[in-house]
Every structure is written in C-alpha cells, then in structure tokens.
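Participant: Once you've had a glance at the structure underneath, I'll fire off some questions.
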Amino acid sequence: MNYRHAFHAGNAGDVLKHLVLLAVLEALQRKDKPLFYLDTHAGRGLYNLGGEAARRSNEAAGGIVALAAASELPPLAQRYLALVGSFNPGGGLEAYPGSPALAAALLRPGDAAALCELQPEEAAALRRLFAEDDHVAVHERDGYEALRGLLPPRQGRGLVLIDPPYERREAEYDLVVDALALAGERWPQGCLAAWYPIKRQEDTDRLVARVAAGGRDAVLRVELTTRPADNRAGLNGSGMILVNAPWQLDQVLERTLPAVHAALAPAGAGAARVQWLVPPR
Ligand SMILES: C[S@@+](CC[C@H](N)C(=O)[O-])C[C@H]1O[C@@H](n2cnc3c(N)ncnc32)[C@H](O)[C@@H]1O
C-alpha cells in the first residue's frame, strides 16, 4: 500500500467526488430522519495543500484552485467552495477537507458516520481529527470487509462512499462492482456511490455496465473529463457511479457540472456527463 491521498488532495477527481458527496448528503438531509454515512476508504480526513506532497504533485491546481478562481458558479459549486472555505478561516486555500471532514461537517445531531482506513498512519490522523466528535467512529480496517460488519445501520437512510486507490488496477474495478452488490444486498435502501478513474474508455464502460446490470434501482453515471477520451498519457478524468441515487440528483448535477468543467478545462477538452443507466422507479 503505497498510495497517499496527500499527493492528490483537491485535484479534479476530488472536486467531482466531493461535489457529488455534498449533493447526495444535502438531498438525504431534506428529510428530517437520521442518516448514516459510511466511508470505506476514508484517507486521513484533512490535507495540507502547502505541504510537501501536495506541492510536489501540484494536482490541486487543476482542481480546487481552478474552481476557486472561477466566477459565477452554480449554487452547488458555491456551497462546496464555502464548505472548503470553512476549513480555511484565515482565507486562502491551505487546508483541503477530504470526504470524512466534508461529510462530518454536514452531520446533524442524530446522524452518524463510520470511517474505514487500512493504512495505520492515515487511520491515526483520522482518529486525531475526530477525537472529540462522538458522531464519528474511525475503524482501522479493510473497508470492503467492513460492509459486512457495518451494514445495515440502525438509521434507515444514508450513503456508502467507496473510494479506493485503484492501486490494484483492473482488479479494483472488480472489487468495486462486488462491493456495490454486497452493500446493496445488506442495505437495499441505502444510497451507494463509488468513484473511479477514467483511463481507458472500455474499462469504464465495462464497470458501469456491470453495475447497471445488477438489478438495482436509480443507477446514475456522473463523469468529468478534462482530456480527450482514450488519451493514454494518464488520467482523462473520473466518474462516480451511484445506486439508489436521490431524487433529482441528476438535475442538480446537470446544472452544476458544465460550469465546473469549464473552470477545470478552460481549453474545452473532455466533458461533463450525467446519465441514468437505470432510471428511478
Ligand atoms: C482515494 S483515498 C481516499 C480519499 C477520501 N475518500 C477522500 O475523498 O478524501 C483511498 C484511501 O484508501 C486507503 N485504503 C486502501 N485500501 C484500503 C482498504 N482495503 N480498506 C480501507 N482503506 C483502504 C488508502 O490508504 C487511502 O488512504
């Protein structure tokens, strides 16, 4: 396990993932019932964009930094920037909140979160970050295994975010498909979301087709690419596949992502995409 998210914090993939995370949690919180948030691959929770790793990769420049410099953004993107801004009370963009910190900032009194992280140092950082927060439980364990132990939660509603490092290349796509199937069996009413990198179009198409064929409801594909398709140089962009996507999530994202794409890909390469693979019943 060599992956450290500090090199990637606030990049274009994080921007897409965290916009979708915010939109889903906002949609779920429209009802006054407690929710459960499970982050199977949580990372360390909060990142220092001025630190060695982030400066070396400079990936945030093509993500949160570019978005923060854009003007006239749609409301969801503005709320995301305001949330990120709340971690930077002195202004500027030093701290970048990962999915655990963003989700925890949104939790209401009855809500709860479980965060799984396998890498000991990252898990220790996560534990320190949430030491005072009794809504949040940190588990140093395999997030895929945790689906069996932690689902279904006491709260009927909520979200599972599956955000692995894809160090195992194609094998990780299989793990994600299996994890979505398992989570759906154990928690049929839970909203499920998995992030994936977009490298070869055929791998992406196979992943989403397998999830769409899983017999589940409201399967939504959301993608943001900033390079032409099948550009073998590296990552073209990333996507999220959602199962039981909340009502009207497609509309919120359709109103948001074109402007985000324009901010992150000023030369116009790539595209934003929001597509029901299985429409809501
Ligand atoms: C992409 S990062 C997570 C980023 C985080 N979700 C966010 O949005 O801020 C993936 C994390 O998963 C951890 N990891 C790798 N394999 C794991 C596993 N099987 N179970 C739990 N965590 C794992 C890595 O150490 C890494 O911190």
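Each chain of the structure tokens is named A, B, ... in the order shown, its residues numbered from 1; ligands are numbered from 1 in display order.
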Excluding region 210-217 of chain A and any residue of its chain fewer than 3 positions from it, enumerate the residues within 12 Å of it, using only C-alpha atoms, and give them as a ChimeraX atom specification.

Facilitator: /A:173-185,187-194,203-207,220-221,240-247,275-281

Participant: Could those residues be written to a file, using N, CA and C atoms, as a compact mmCIF listing (two decimals), in the first residue's frame?

Facilitator:
# COMPACT_ATOMS: atom_id res chain seq x y z
N TYR A 173 -11.55 -2.55 -10.05
CA TYR A 173 -12.88 -2.39 -10.65
C TYR A 173 -13.77 -3.56 -10.22
N ASP A 174 -13.20 -4.78 -10.23
CA ASP A 174 -13.98 -5.95 -9.80
C ASP A 174 -14.38 -5.82 -8.34
N LEU A 175 -13.42 -5.36 -7.52
CA LEU A 175 -13.74 -5.21 -6.09
C LEU A 175 -14.87 -4.21 -5.89
N VAL A 176 -14.85 -3.14 -6.69
CA VAL A 176 -15.89 -2.11 -6.55
C VAL A 176 -17.26 -2.66 -6.98
N VAL A 177 -17.28 -3.40 -8.08
CA VAL A 177 -18.56 -3.99 -8.53
C VAL A 177 -19.10 -4.93 -7.45
N ASP A 178 -18.21 -5.77 -6.90
CA ASP A 178 -18.64 -6.71 -5.85
C ASP A 178 -19.09 -5.97 -4.59
N ALA A 179 -18.36 -4.90 -4.26
CA ALA A 179 -18.70 -4.14 -3.05
C ALA A 179 -20.07 -3.48 -3.19
N LEU A 180 -20.36 -2.94 -4.38
CA LEU A 180 -21.68 -2.32 -4.58
C LEU A 180 -22.77 -3.37 -4.47
N ALA A 181 -22.51 -4.57 -5.01
CA ALA A 181 -23.52 -5.64 -4.93
C ALA A 181 -23.74 -6.06 -3.49
N LEU A 182 -22.65 -6.23 -2.74
CA LEU A 182 -22.77 -6.64 -1.35
C LEU A 182 -23.48 -5.57 -0.51
N ALA A 183 -23.07 -4.31 -0.70
CA ALA A 183 -23.70 -3.23 0.07
C ALA A 183 -25.19 -3.15 -0.25
N GLY A 184 -25.54 -3.36 -1.52
CA GLY A 184 -26.95 -3.32 -1.92
C GLY A 184 -27.76 -4.46 -1.32
N GLU A 185 -27.13 -5.63 -1.20
CA GLU A 185 -27.83 -6.76 -0.55
C GLU A 185 -28.06 -6.48 0.92
N TRP A 187 -28.01 -3.59 2.49
CA TRP A 187 -28.72 -2.33 2.82
C TRP A 187 -29.46 -1.86 1.56
N PRO A 188 -30.58 -2.52 1.23
CA PRO A 188 -31.24 -2.24 -0.06
C PRO A 188 -31.67 -0.79 -0.23
N GLN A 189 -31.99 -0.10 0.88
CA GLN A 189 -32.46 1.28 0.71
C GLN A 189 -31.34 2.31 0.80
N GLY A 190 -30.11 1.89 1.07
CA GLY A 190 -29.00 2.84 1.18
C GLY A 190 -28.60 3.38 -0.19
N CYS A 191 -28.16 4.62 -0.20
CA CYS A 191 -27.60 5.18 -1.43
C CYS A 191 -26.12 4.77 -1.47
N LEU A 192 -25.66 4.32 -2.62
CA LEU A 192 -24.28 3.85 -2.76
C LEU A 192 -23.58 4.68 -3.83
N ALA A 193 -22.33 5.02 -3.59
CA ALA A 193 -21.60 5.81 -4.58
C ALA A 193 -20.16 5.31 -4.63
N ALA A 194 -19.66 5.06 -5.82
CA ALA A 194 -18.25 4.65 -5.97
C ALA A 194 -17.57 5.57 -6.97
N ASP A 203 -12.66 0.13 -20.18
CA ASP A 203 -12.71 -0.30 -18.77
C ASP A 203 -13.86 0.40 -18.04
N THR A 204 -13.99 1.69 -18.33
CA THR A 204 -15.06 2.46 -17.69
C THR A 204 -16.43 1.93 -18.11
N ASP A 205 -16.58 1.70 -19.41
CA ASP A 205 -17.87 1.23 -19.92
C ASP A 205 -18.22 -0.13 -19.30
N ARG A 206 -17.20 -1.00 -19.16
CA ARG A 206 -17.48 -2.32 -18.59
C ARG A 206 -17.89 -2.20 -17.12
N LEU A 207 -17.20 -1.35 -16.40
CA LEU A 207 -17.54 -1.15 -14.97
C LEU A 207 -18.99 -0.70 -14.83
N LEU A 220 -27.03 5.97 -11.51
CA LEU A 220 -26.64 7.21 -12.19
C LEU A 220 -25.13 7.21 -12.44
N ARG A 221 -24.75 7.59 -13.67
CA ARG A 221 -23.34 7.71 -14.05
C ARG A 221 -23.02 9.19 -14.18
N MET A 240 -18.32 8.92 -11.04
CA MET A 240 -18.98 8.34 -9.88
C MET A 240 -20.14 7.52 -10.41
N ILE A 241 -20.27 6.32 -9.88
CA ILE A 241 -21.46 5.53 -10.21
C ILE A 241 -22.28 5.42 -8.92
N LEU A 242 -23.57 5.76 -9.06
CA LEU A 242 -24.44 5.77 -7.88
C LEU A 242 -25.57 4.78 -8.05
N VAL A 243 -25.93 4.15 -6.95
CA VAL A 243 -27.09 3.25 -6.91
C VAL A 243 -28.06 3.86 -5.91
N ASN A 244 -29.36 3.80 -6.20
CA ASN A 244 -30.35 4.49 -5.35
C ASN A 244 -30.03 5.98 -5.25
N ALA A 245 -29.65 6.55 -6.37
CA ALA A 245 -29.34 7.99 -6.35
C ALA A 245 -30.58 8.77 -5.92
N PRO A 246 -30.41 9.77 -5.07
CA PRO A 246 -31.57 10.53 -4.60
C PRO A 246 -32.33 11.19 -5.76
N TRP A 247 -33.58 11.41 -5.52
CA TRP A 247 -34.47 12.05 -6.47
C TRP A 247 -33.91 13.41 -6.89
N GLN A 275 -25.89 10.74 -16.51
CA GLN A 275 -26.72 9.83 -17.32
C GLN A 275 -27.34 8.75 -16.44
N TRP A 276 -28.65 8.60 -16.53
CA TRP A 276 -29.29 7.47 -15.83
C TRP A 276 -28.99 6.19 -16.61
N LEU A 277 -28.40 5.22 -15.95
CA LEU A 277 -28.23 3.90 -16.57
C LEU A 277 -29.46 3.06 -16.27
N VAL A 278 -29.99 3.24 -15.08
CA VAL A 278 -31.28 2.67 -14.71
C VAL A 278 -32.07 3.83 -14.09
N PRO A 279 -33.14 4.26 -14.75
CA PRO A 279 -33.86 5.41 -14.20
C PRO A 279 -34.58 5.06 -12.90
N PRO A 280 -34.86 6.05 -12.08
CA PRO A 280 -35.56 5.76 -10.82
C PRO A 280 -36.96 5.25 -11.11
N ARG A 281 -37.41 4.31 -10.30
CA ARG A 281 -38.76 3.77 -10.49
C ARG A 281 -39.81 4.76 -10.03

Participant: Do you know which residues are within 9 Å of ligand 1 using only C-alpha atoms and all ligand atoms? Can you write them as a ChimeraX atom specification?

Facilitator: /A:1-6,8-10,13-14,17-18,39-47,96-102,115-123,139-146,161-167,195

Participant: As a VMD selection string, please: the residues near Gly239 (chain A) (cut-off 6 Å, only C-alpha atoms, same-chain neighbours under 2 positions excluded).

Facilitator: chain A and resid 195 to 196 222 to 223

Participant: Give the helix (DSSP H, G or I) residues of region 50-268 of chain A, as assigned by DSSP on the backbone, as number ranges by chain.

Facilitator: A: 52-57, 59-62, 64-69, 75-85, 99-106, 120-129, 143-150, 170-186, 201-212, 249-264

Participant: Out of A:Ser238, A:His135, A:Ala68, A:Val252, which residue has the shortest atom-to-atom distance to Leu107 (chain A) when counting only C-alpha atoms?

Facilitator: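 The shortest atom-to-atom distance to Leu107 (chain A) comes from A:His135.
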